[in-house]
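**Student:** Just final_32.txt, nothing more (compact mmCIF, C-alpha atoms):
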# COMPACT_ATOMS: atom_id res chain seq x y z
CA MET V 3 21.44 -19.28 2.59
CA ALA V 4 24.98 -18.35 1.60
CA GLY V 5 26.50 -20.48 -1.10
CA LYS V 6 23.31 -21.23 -3.02
CA VAL V 7 23.35 -20.65 -6.74
CA ARG V 8 20.12 -18.87 -7.55
CA ASN V 9 18.43 -18.38 -10.89
CA ILE V 10 18.99 -14.63 -11.18
CA VAL V 11 18.97 -13.15 -14.66
CA VAL V 12 20.22 -9.59 -15.25
CA GLU V 13 19.53 -8.24 -18.73
CA GLU V 14 19.18 -4.96 -20.56
CA LEU V 15 15.65 -3.73 -21.13
CA MET V 16 15.01 -2.05 -24.45
CA ARG V 17 12.28 0.50 -23.83
CA THR V 18 11.83 4.24 -23.52
CA PRO V 19 12.43 5.40 -19.91
CA VAL V 20 9.27 6.74 -18.30
CA GLU V 21 10.63 10.29 -17.96
CA MET V 22 11.15 10.34 -21.74
CA GLN V 23 7.70 9.03 -22.62
CA ARG V 24 5.25 11.62 -23.88
CA VAL V 25 2.39 10.69 -21.54
CA GLU V 26 2.63 9.38 -17.97
CA LEU V 27 -0.25 8.52 -15.61
CA VAL V 28 0.11 8.04 -11.85
CA GLU V 29 -2.50 7.57 -9.12
CA ARG V 30 -2.52 7.25 -5.35
CA LYS V 31 -5.55 6.42 -3.24
CA GLY V 32 -5.13 8.01 0.19
CA ILE V 33 -5.49 6.16 3.49
CA GLY V 34 -9.16 7.14 3.84
CA HIS V 35 -10.21 5.91 0.40
CA PRO V 36 -12.53 2.87 0.76
CA ASP V 37 -10.08 0.60 -1.08
CA SER V 38 -7.21 1.78 1.13
CA ILE V 39 -9.36 1.27 4.23
CA ALA V 40 -9.89 -2.34 3.14
CA ASP V 41 -6.14 -2.79 2.55
CA GLY V 42 -5.24 -1.13 5.84
CA ILE V 43 -7.62 -3.23 7.90
CA ALA V 44 -6.56 -6.48 6.19
CA GLU V 45 -2.90 -5.75 6.93
CA ALA V 46 -3.59 -4.58 10.49
CA VAL V 47 -5.46 -7.82 11.21
CA SER V 48 -2.64 -9.95 9.77
CA ARG V 49 0.00 -8.15 11.81
CA ALA V 50 -2.07 -8.36 15.00
CA LEU V 51 -2.63 -12.10 14.54
CA SER V 52 1.07 -12.64 13.71
CA ARG V 53 2.24 -10.83 16.85
CA GLU V 54 -0.21 -12.72 19.08
CA TYR V 55 0.73 -16.08 17.55
CA ILE V 56 4.40 -15.29 18.28
CA LYS V 57 3.59 -14.13 21.82
CA ARG V 58 1.67 -17.32 22.64
CA TYR V 59 3.40 -19.97 20.57
CA GLY V 60 6.72 -18.51 19.42
CA ILE V 61 5.80 -18.85 15.75
CA ILE V 62 3.45 -17.27 13.20
CA LEU V 63 0.70 -19.74 12.40
CA HIS V 64 -1.08 -19.96 9.08
CA HIS V 65 -3.48 -17.18 8.20
CA ASN V 66 -4.57 -15.02 5.29
CA THR V 67 -6.84 -12.07 6.02
CA ASP V 68 -6.75 -10.50 2.57
CA GLN V 69 -10.53 -10.65 2.12
CA VAL V 70 -11.97 -7.42 3.53
CA GLU V 71 -15.01 -5.71 2.07
CA VAL V 72 -16.07 -2.15 2.87
CA VAL V 73 -19.75 -1.57 2.08
CA GLY V 74 -20.62 2.10 1.91
CA GLY V 75 -23.19 3.62 4.25
CA ARG V 76 -25.35 6.69 3.85
CA ALA V 77 -24.82 10.19 5.21
CA TYR V 78 -26.29 13.67 5.05
CA PRO V 79 -23.38 16.10 5.31
CA LYS V 80 -23.94 19.82 5.77
CA PHE V 81 -21.86 22.82 6.75
CA GLY V 82 -21.41 22.87 10.52
CA GLY V 83 -21.99 19.12 10.83
CA GLY V 84 -24.31 16.53 9.31
CA GLU V 85 -25.04 12.93 10.25
CA VAL V 86 -24.45 9.35 9.18
CA ILE V 87 -27.84 7.64 8.90
CA LYS V 88 -26.66 4.22 7.75
CA PRO V 89 -23.33 2.90 9.06
CA ILE V 90 -20.48 1.63 6.95
CA TYR V 91 -20.38 -2.18 7.02
CA ILE V 92 -16.97 -3.87 7.11
CA LEU V 93 -16.64 -7.61 6.56
CA LEU V 94 -13.47 -9.35 7.72
CA SER V 95 -12.91 -12.62 5.89
CA GLY V 96 -10.12 -15.04 5.05
CA ARG V 97 -8.57 -17.84 7.10
CA ALA V 98 -6.69 -18.15 10.39
CA VAL V 99 -5.73 -20.91 12.83
CA GLU V 100 -8.22 -20.82 15.69
CA MET V 101 -7.49 -24.13 17.45
CA VAL V 102 -3.94 -24.87 18.62
CA ASP V 103 -3.44 -28.25 20.33
CA ARG V 104 -7.15 -28.15 21.23
CA GLU V 105 -6.71 -24.71 22.79
CA PHE V 106 -8.90 -21.87 21.54
CA PHE V 107 -7.16 -18.88 19.96
CA PRO V 108 -9.37 -15.73 19.82
CA VAL V 109 -9.09 -14.92 16.12
CA HIS V 110 -12.27 -12.84 15.86
CA GLU V 111 -11.62 -10.76 18.97
CA ILE V 112 -8.08 -9.96 17.86
CA ALA V 113 -9.23 -9.18 14.32
CA ILE V 114 -12.04 -6.84 15.32
CA ARG V 115 -9.84 -5.04 17.84
CA ALA V 116 -7.11 -4.59 15.20
CA ALA V 117 -9.65 -3.26 12.70
CA LYS V 118 -10.97 -0.73 15.22
CA ASP V 119 -7.48 0.36 16.25
CA TYR V 120 -6.56 0.90 12.63
CA LEU V 121 -9.72 2.89 11.84
CA ARG V 122 -9.23 5.04 14.92
CA LYS V 123 -5.86 6.18 13.57
CA ALA V 124 -6.67 6.23 9.86
CA VAL V 125 -10.02 8.10 9.81
CA ARG V 126 -10.08 10.59 12.68
CA HIS V 127 -13.71 11.74 12.44
CA LEU V 128 -15.16 8.23 12.24
CA ASP V 129 -17.29 7.37 15.29
CA LEU V 130 -16.57 3.67 15.76
CA GLU V 131 -19.70 3.15 17.83
CA ASN V 132 -22.18 4.75 15.45
CA HIS V 133 -20.61 5.06 11.99
CA VAL V 134 -19.26 1.53 11.50
CA VAL V 135 -20.34 -2.09 11.87
CA ILE V 136 -17.46 -4.62 11.83
CA ASP V 137 -18.27 -8.29 11.27
CA SER V 138 -15.62 -11.03 11.44
CA ARG V 139 -16.29 -14.14 9.35
CA ILE V 140 -12.69 -15.33 9.23
CA GLY V 141 -12.66 -19.07 8.57
CA GLN V 142 -11.30 -21.51 11.13
CA GLY V 143 -8.22 -23.68 11.00
CA SER V 144 -6.44 -25.92 13.49
CA VAL V 145 -2.86 -27.11 13.99
CA ASP V 146 -0.72 -29.50 15.99
CA LEU V 147 2.18 -27.38 17.27
CA VAL V 148 4.59 -30.30 17.33
CA GLY V 149 3.94 -30.82 13.63
CA VAL V 150 4.40 -27.12 12.92
CA PHE V 151 7.72 -26.96 14.78
CA ASN V 152 8.98 -30.15 13.12
CA LYS V 153 8.13 -28.76 9.71
CA ALA V 154 9.91 -25.48 10.52
CA LYS V 155 12.95 -27.44 11.71
CA GLU V 156 13.03 -29.43 8.47
CA ASN V 157 12.55 -26.29 6.37
CA PRO V 158 14.20 -23.27 8.09
CA ILE V 159 13.44 -21.31 4.92
CA PRO V 160 9.65 -21.31 4.38
CA LEU V 161 8.24 -23.05 1.33
CA ALA V 162 6.25 -20.97 -1.16
CA ASN V 163 2.52 -21.43 -0.68
CA ASP V 164 1.75 -20.52 -4.29
CA THR V 165 3.19 -20.20 -7.77
CA SER V 166 3.08 -16.43 -8.04
CA PHE V 167 5.23 -13.45 -8.94
CA GLY V 168 6.14 -10.09 -7.47
CA VAL V 169 7.13 -6.93 -9.31
CA GLY V 170 9.11 -3.84 -8.35
CA TYR V 171 10.87 -0.93 -10.03
CA ALA V 172 13.00 2.09 -9.27
CA PRO V 173 13.59 4.96 -9.18
CA LEU V 174 10.32 6.88 -8.96
CA SER V 175 9.74 9.49 -11.64
CA GLU V 176 9.12 13.12 -10.78
CA THR V 177 5.39 12.70 -11.32
CA GLU V 178 5.27 9.56 -9.18
CA ARG V 179 7.14 11.28 -6.37
CA ILE V 180 4.85 14.32 -6.48
CA VAL V 181 1.69 12.18 -6.36
CA LEU V 182 3.01 10.05 -3.49
CA GLU V 183 4.37 12.90 -1.40
CA THR V 184 1.30 15.11 -1.94
CA GLU V 185 -1.03 12.57 -0.35
CA ARG V 186 1.46 11.86 2.43
CA LEU V 187 1.70 15.54 3.28
CA LEU V 188 -2.05 16.14 3.19
CA ASN V 189 -2.59 13.15 5.49
CA SER V 190 0.33 13.94 7.80
CA ASP V 191 -0.22 14.73 11.48
CA GLU V 192 1.42 18.12 10.98
CA PHE V 193 -0.99 19.12 8.20
CA LYS V 194 -4.05 17.79 10.07
CA LYS V 195 -3.17 19.88 13.11
CA LYS V 196 -3.23 23.01 10.97
CA TYR V 197 -6.20 21.97 8.84
CA PRO V 198 -8.42 19.49 10.74
CA ALA V 199 -11.14 19.93 8.12
CA VAL V 200 -9.17 17.88 5.59
CA GLY V 201 -10.45 14.30 5.68
CA GLU V 202 -8.36 11.23 4.98
CA ASP V 203 -10.09 10.21 1.74
CA ILE V 204 -7.67 11.95 -0.60
CA LYS V 205 -7.09 10.71 -4.13
CA VAL V 206 -4.25 12.22 -6.15
CA MET V 207 -4.06 11.71 -9.90
CA GLY V 208 -1.02 12.78 -11.88
CA LEU V 209 -0.81 13.31 -15.62
CA ARG V 210 2.37 14.37 -17.35
CA LYS V 211 2.21 15.41 -20.99
CA GLY V 212 5.69 16.22 -22.18
CA ASP V 213 7.06 18.71 -19.67
CA GLU V 214 3.73 19.75 -18.15
CA ILE V 215 2.20 17.99 -15.15
CA ASP V 216 -1.43 18.10 -14.06
CA ILE V 217 -2.17 17.09 -10.46
CA THR V 218 -5.86 16.52 -9.70
CA ILE V 219 -6.76 16.13 -6.03
CA ALA V 220 -10.07 14.88 -4.66
CA ALA V 221 -10.08 15.63 -0.93
CA ALA V 222 -13.05 14.93 1.33
CA ILE V 223 -13.65 17.87 3.67
CA VAL V 224 -15.16 17.23 7.12
CA ASP V 225 -18.39 19.22 7.43
CA SER V 226 -18.20 19.83 11.20
CA GLU V 227 -14.88 21.64 10.68
CA VAL V 228 -16.23 24.12 8.12
CA GLN V 229 -19.14 26.36 9.00
CA THR V 230 -19.62 28.11 5.67
CA PRO V 231 -18.71 27.80 1.99
CA GLU V 232 -16.06 30.45 2.61
CA ASP V 233 -14.42 28.21 5.24
CA TYR V 234 -14.49 25.35 2.75
CA LEU V 235 -12.85 27.41 0.00
CA ALA V 236 -10.12 28.52 2.41
CA VAL V 237 -9.33 24.86 3.12
CA LYS V 238 -9.18 24.18 -0.63
CA ASP V 239 -6.67 27.00 -0.97
CA ALA V 240 -4.53 25.42 1.78
CA ILE V 241 -4.59 22.08 -0.03
CA TYR V 242 -3.57 23.79 -3.25
CA GLU V 243 -0.64 25.57 -1.60
CA ALA V 244 0.55 22.38 0.09
CA ALA V 245 0.48 20.48 -3.20
CA ARG V 246 2.29 23.32 -4.94
CA SER V 247 5.07 23.21 -2.33
CA VAL V 248 5.52 19.46 -2.91
CA ALA V 249 5.67 19.93 -6.67
CA GLU V 250 8.31 22.65 -6.37
CA GLU V 251 10.50 20.27 -4.34
CA HIS V 252 10.49 17.57 -6.99
CA THR V 253 10.38 19.18 -10.42
CA GLU V 254 11.20 22.23 -12.48
CA ARG V 255 8.47 21.32 -14.96
CA LYS V 256 5.29 23.35 -15.13
CA VAL V 257 2.71 21.92 -12.70
CA ASN V 258 -1.01 22.65 -12.75
CA ILE V 259 -2.91 21.75 -9.58
CA TYR V 260 -6.66 21.19 -9.38
CA VAL V 261 -8.60 20.55 -6.16
CA ASN V 262 -12.13 19.10 -5.94
CA THR V 263 -13.01 19.84 -9.54
CA ALA V 264 -16.60 18.56 -9.18
CA ASP V 265 -17.48 21.48 -6.87
CA ASP V 266 -20.19 23.79 -8.19
CA PRO V 267 -20.69 26.67 -5.73
CA GLU V 268 -23.55 28.17 -7.75
CA ARG V 269 -25.53 24.97 -7.23
CA GLY V 270 -24.32 24.49 -3.65
CA ILE V 271 -22.23 21.41 -4.50
CA TYR V 272 -19.13 20.90 -2.36
CA TYR V 273 -17.16 17.78 -1.45
CA ILE V 274 -18.09 17.72 2.22
CA THR V 275 -18.44 14.60 4.34
CA VAL V 276 -19.35 13.81 7.93
CA THR V 277 -16.46 11.42 8.52
CA GLY V 278 -13.74 12.34 6.02
CA THR V 279 -14.27 9.28 3.83
CA SER V 280 -16.59 8.67 0.90
CA ALA V 281 -17.32 5.22 2.36
CA GLU V 282 -20.01 6.99 4.42
CA ALA V 283 -21.98 7.70 1.24
CA GLY V 284 -22.11 4.47 -0.70
CA ASP V 285 -18.56 4.15 -1.98
CA ASP V 286 -17.38 0.56 -1.46
CA GLY V 287 -13.87 -0.82 -1.01
CA SER V 288 -12.04 -4.11 -1.49
CA VAL V 289 -8.54 -5.38 -0.81
CA GLY V 290 -6.22 -5.20 -3.81
CA ARG V 291 -8.10 -2.60 -5.85
CA GLY V 292 -5.87 0.26 -4.79
CA ASN V 293 -2.17 1.06 -4.51
CA ARG V 294 0.59 -1.43 -5.14
CA VAL V 295 3.19 -2.05 -2.41
CA ASN V 296 5.12 1.12 -3.35
CA GLY V 297 2.00 3.19 -2.65
CA LEU V 298 1.13 3.98 -6.25
CA ILE V 299 -0.91 2.83 -9.24
CA THR V 300 1.32 3.21 -12.30
CA PRO V 301 0.06 2.08 -15.72
CA ASN V 302 3.35 3.17 -17.35
CA ARG V 303 5.21 0.57 -15.29
CA HIS V 304 5.25 -3.18 -14.79
CA MET V 305 2.78 -4.03 -12.02
CA SER V 306 1.47 -7.09 -10.21
CA MET V 307 -2.27 -7.58 -9.73
CA GLU V 308 -1.60 -9.33 -6.41
CA ALA V 309 -3.40 -8.10 -3.30
CA ALA V 310 -0.51 -7.99 -0.81
CA ALA V 311 -2.39 -6.61 2.21
CA GLY V 312 -3.46 -9.24 4.73
CA LYS V 313 -1.44 -12.12 3.32
CA ASN V 314 0.71 -13.93 5.87
CA PRO V 315 4.31 -12.67 6.03
CA VAL V 316 5.88 -16.13 6.34
CA SER V 317 5.33 -18.00 3.09
CA HIS V 318 2.88 -16.01 0.98
CA VAL V 319 4.98 -14.99 -1.99
CA GLY V 320 2.19 -12.74 -3.26
CA LYS V 321 3.18 -10.43 -0.44
CA ILE V 322 6.84 -11.23 0.18
CA TYR V 323 7.98 -11.15 -3.46
CA ASN V 324 6.30 -7.84 -4.24
CA LEU V 325 8.02 -6.21 -1.27
CA LEU V 326 11.30 -7.97 -2.06
CA SER V 327 11.20 -6.86 -5.71
CA MET V 328 10.68 -3.25 -4.63
CA LEU V 329 13.57 -3.39 -2.14
CA ILE V 330 15.95 -4.99 -4.64
CA ALA V 331 15.03 -2.41 -7.29
CA ASN V 332 15.51 0.48 -4.85
CA ASP V 333 18.96 -0.76 -3.82
CA ILE V 334 20.10 -1.31 -7.40
CA ALA V 335 18.92 2.16 -8.44
CA GLU V 336 20.62 3.79 -5.45
CA GLN V 337 23.84 1.77 -5.26
CA VAL V 338 24.75 0.83 -8.82
CA GLU V 339 26.19 3.58 -10.99
CA GLY V 340 24.71 4.04 -14.44
CA VAL V 341 21.17 2.75 -13.83
CA GLU V 342 18.43 4.80 -15.50
CA GLU V 343 15.60 2.44 -14.54
CA VAL V 344 15.44 -1.06 -13.11
CA TYR V 345 12.55 -3.54 -13.06
CA VAL V 346 12.55 -6.66 -10.89
CA ARG V 347 10.24 -9.66 -11.29
CA ILE V 348 10.49 -12.69 -9.01
CA LEU V 349 8.54 -15.90 -9.64
CA SER V 350 8.01 -18.64 -7.07
CA GLN V 351 7.11 -22.28 -7.52
CA ILE V 352 4.71 -23.74 -4.98
CA GLY V 353 6.42 -25.98 -2.42
CA LYS V 354 9.93 -24.66 -3.13
CA PRO V 355 12.01 -22.57 -0.66
CA ILE V 356 11.16 -18.89 -1.00
CA ASP V 357 14.86 -17.97 -1.20
CA GLU V 358 15.17 -20.06 -4.36
CA PRO V 359 12.71 -18.57 -6.84
CA LEU V 360 12.08 -20.18 -10.20
CA VAL V 361 13.56 -16.97 -11.57
CA ALA V 362 14.55 -13.53 -10.34
CA SER V 363 14.52 -11.29 -13.39
CA VAL V 364 16.37 -7.97 -13.17
CA GLN V 365 15.87 -5.76 -16.21
CA VAL V 366 17.98 -2.62 -16.44
CA ILE V 367 17.89 0.44 -18.67
CA PRO V 368 21.46 1.81 -18.52
CA LYS V 369 22.07 5.54 -18.53
CA LYS V 370 23.62 7.02 -21.63
CA GLY V 371 27.31 6.15 -21.76
CA TYR V 372 26.98 3.06 -19.54
CA SER V 373 26.85 -0.58 -20.59
CA LEU V 374 25.09 -3.57 -19.08
CA GLU V 375 28.48 -5.21 -18.37
CA THR V 376 29.35 -2.68 -15.65
CA ILE V 377 25.90 -3.02 -14.04
CA GLN V 378 25.35 -6.78 -14.29
CA LYS V 379 27.46 -8.13 -11.41
CA PRO V 380 26.58 -5.54 -8.73
CA ALA V 381 22.87 -5.85 -9.65
CA TYR V 382 23.13 -9.65 -9.41
CA ASP V 383 24.89 -9.42 -6.04
CA ILE V 384 22.21 -7.12 -4.59
CA ALA V 385 19.41 -9.46 -5.68
CA ASP V 386 21.32 -12.49 -4.35
CA ALA V 387 21.98 -10.84 -0.98
CA TRP V 388 18.32 -9.97 -0.49
CA LEU V 389 17.21 -13.49 -1.42
CA ALA V 390 19.76 -14.95 1.01
CA ASP V 391 18.27 -12.79 3.77
CA ILE V 392 14.64 -13.11 2.68
CA THR V 393 13.27 -13.87 6.17
CA LYS V 394 14.26 -10.29 7.04
CA ILE V 395 11.13 -9.20 5.14
CA GLN V 396 8.92 -10.82 7.79
CA LYS V 397 10.78 -8.99 10.56
CA MET V 398 10.49 -5.66 8.74
CA ILE V 399 6.75 -6.15 8.29
CA LEU V 400 6.12 -6.92 11.97
CA GLU V 401 8.26 -3.96 13.02
CA ASP V 402 6.08 -1.73 10.79
CA LYS V 403 9.10 -0.80 8.65
CA LEU V 404 7.32 -1.80 5.44
CA ASN V 405 3.91 -0.77 4.18
CA VAL V 406 1.98 -2.65 1.52
CA PHE V 407 -0.23 0.10 0.09
If you took the structure in this file and wrote it as structure tokens, what would it be?
**Tutor:**
Amino acid sequence: MAGKVRNIVVEELMRTPVEMQRVELVERKGIGHPDSIADGIAEAVSRALSREYIKRYGIILHHNTDQVEVVGGRAYPKFGGGEVIKPIYILLSGRAVEMVDREFFPVHEIAIRAAKDYLRKAVRHLDLENHVVIDSRIGQGSVDLVGVFNKAKENPIPLANDTSFGVGYAPLSETERIVLETERLLNSDEFKKKYPAVGEDIKVMGLRKGDEIDITIAAAIVDSEVQTPEDYLAVKDAIYEAARSVAEEHTERKVNIYVNTADDPERGIYYITVTGTSAEAGDDGSVGRGNRVNGLITPNRHMSMEAAAGKNPVSHVGKIYNLLSMLIANDIAEQVEGVEEVYVRILSQIGKPIDEPLVASVQVIPKKGYSLETIQKPAYDIADAWLADITKIQKMILEDKLNVF
């Protein structure tokens, strides 16, 4: 709310900017990676429940669906098309309100439908009837709506449900941008139309040593879309060229690109799959083991270990503060002159309004020739404005304007 004095601290950070560090590591797990599948389903279930709660009751009721496990199946891929002989098992867990004023709310039906809808879009060659088993074990909860509305009236700004922190930074480095945009391109509708053999399980690893960048791509190829090893190698070439085009857009450094480096044609070893995801062949997945809310895994940066996917978008600071930190950092980097890098950390205190964190820490590395004094006030104002409008995060999530992995 306007007029509040918030505990926002803007200070100079004394460290070597990432672009000037000798070694930088960056990873992105694509949408078909088992960990990303778990994240995607958890978030899809949360959003589906949120929208249905609003539709029926005018308010999002308590839920957390951030416990999803993907248990790998077994498959026999082969050129021209193999088969899945043991389906992937997906367990939906967590908590959600199922009884509202003694009326039943269909948590499990909504959750399973949301999971299927998500999988249908995320992994195109997955046969939902034969390749996957989805089991909902989401725990039950009940509420008295009058009590919920009274509480919301008393506290128009939600109260933090945990003492937790969120972390964000900006801007992305060249290597980070290349890794992120490479996976996005390879999993784009446009690329899939041209190369339907490229599955969705695409992991991109970036290494920068000085001014040389290595991009290693592991891309599952769908066996029914390639008839021969020659077809497979042609698809690999297309992946290489696509990655090279992304790199050229974002850097003038030397970039080396490697695709499916475990292939061994002499021994007949190729990264082919029936479904386009390694989850068909024993690779498991869990919520929170993959990308952070900016879509990357970045050991050179400050990161939160929080699993944001599936947490409720009303009061769960483990989700809201990570997204908020990223948005504040992005705006400071884009709008405040003289910012080399900015890191934002926001800490909640359980039971306190989410717009009044225990601290919002903004750490800035000024560009050469700039001082903290010129950056401090505009950075403070951006953080304060976002905190004052924090409930906007919930709206952005439900309008699918923010992703969490």
**Student:** Using all atoms listed in the file, which of V:Pro89, V:Gly201, V:Gly34, V:Gly96 sits nearest Gly143 in chain V?
**Tutor:**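 Answer, going by the shortest atom-to-atom distance: V:Gly96.
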**Student:** V:Val47, V:Ile33, V:Val148, V:Ile39: which is nearest Leu187 in chain V, counting all atoms listed in the file?
**Tutor:**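 Closest to Leu187 in chain V of all the choices is V:Ile33.
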**Student:** Measuring between only C-alpha atoms, which one of V:Lys196, V:Lys155, V:Arg255, V:Arg126 shows the shortest distance to Arg210 in chain V?
**Tutor:**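 Between V:Lys196, V:Lys155, V:Arg255, V:Arg126, the residue approaching Arg210 in chain V most closely is V:Arg255.
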**Student:** Using all atoms listed in the file, which residue out of V:Asp333, V:Asp239, V:Asp266, V:Glu21 lies closest to Glu178 in chain V?
**Tutor:**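 Between V:Asp333, V:Asp239, V:Asp266, V:Glu21, the residue approaching Glu178 in chain V most closely is V:Glu21.
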**Student:** Please report the interatomic distance between CA of Tyr272 in chain V and CA of Glu202 in chain V in Å with one decimal.
**Tutor:**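 Atom-to-atom, CA of Tyr272 in chain V and CA of Glu202 in chain V are spaced 16.2 Å apart.
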**Student:** Which residue is closest to Glu183 in chain V? Choose from V:Glu251, V:Asp203, V:Glu308, V:Asp68 and count all atoms listed in the file.
**Tutor:**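 Using all atoms listed in the file, Glu183 in chain V sits closest to V:Glu251.
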**Student:** When you draw a straight line from CA of Val237 in chain V to CA of Arg76 in chain V, how long is it in Å?
**Tutor:**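 So the answer is 24.2 Å.
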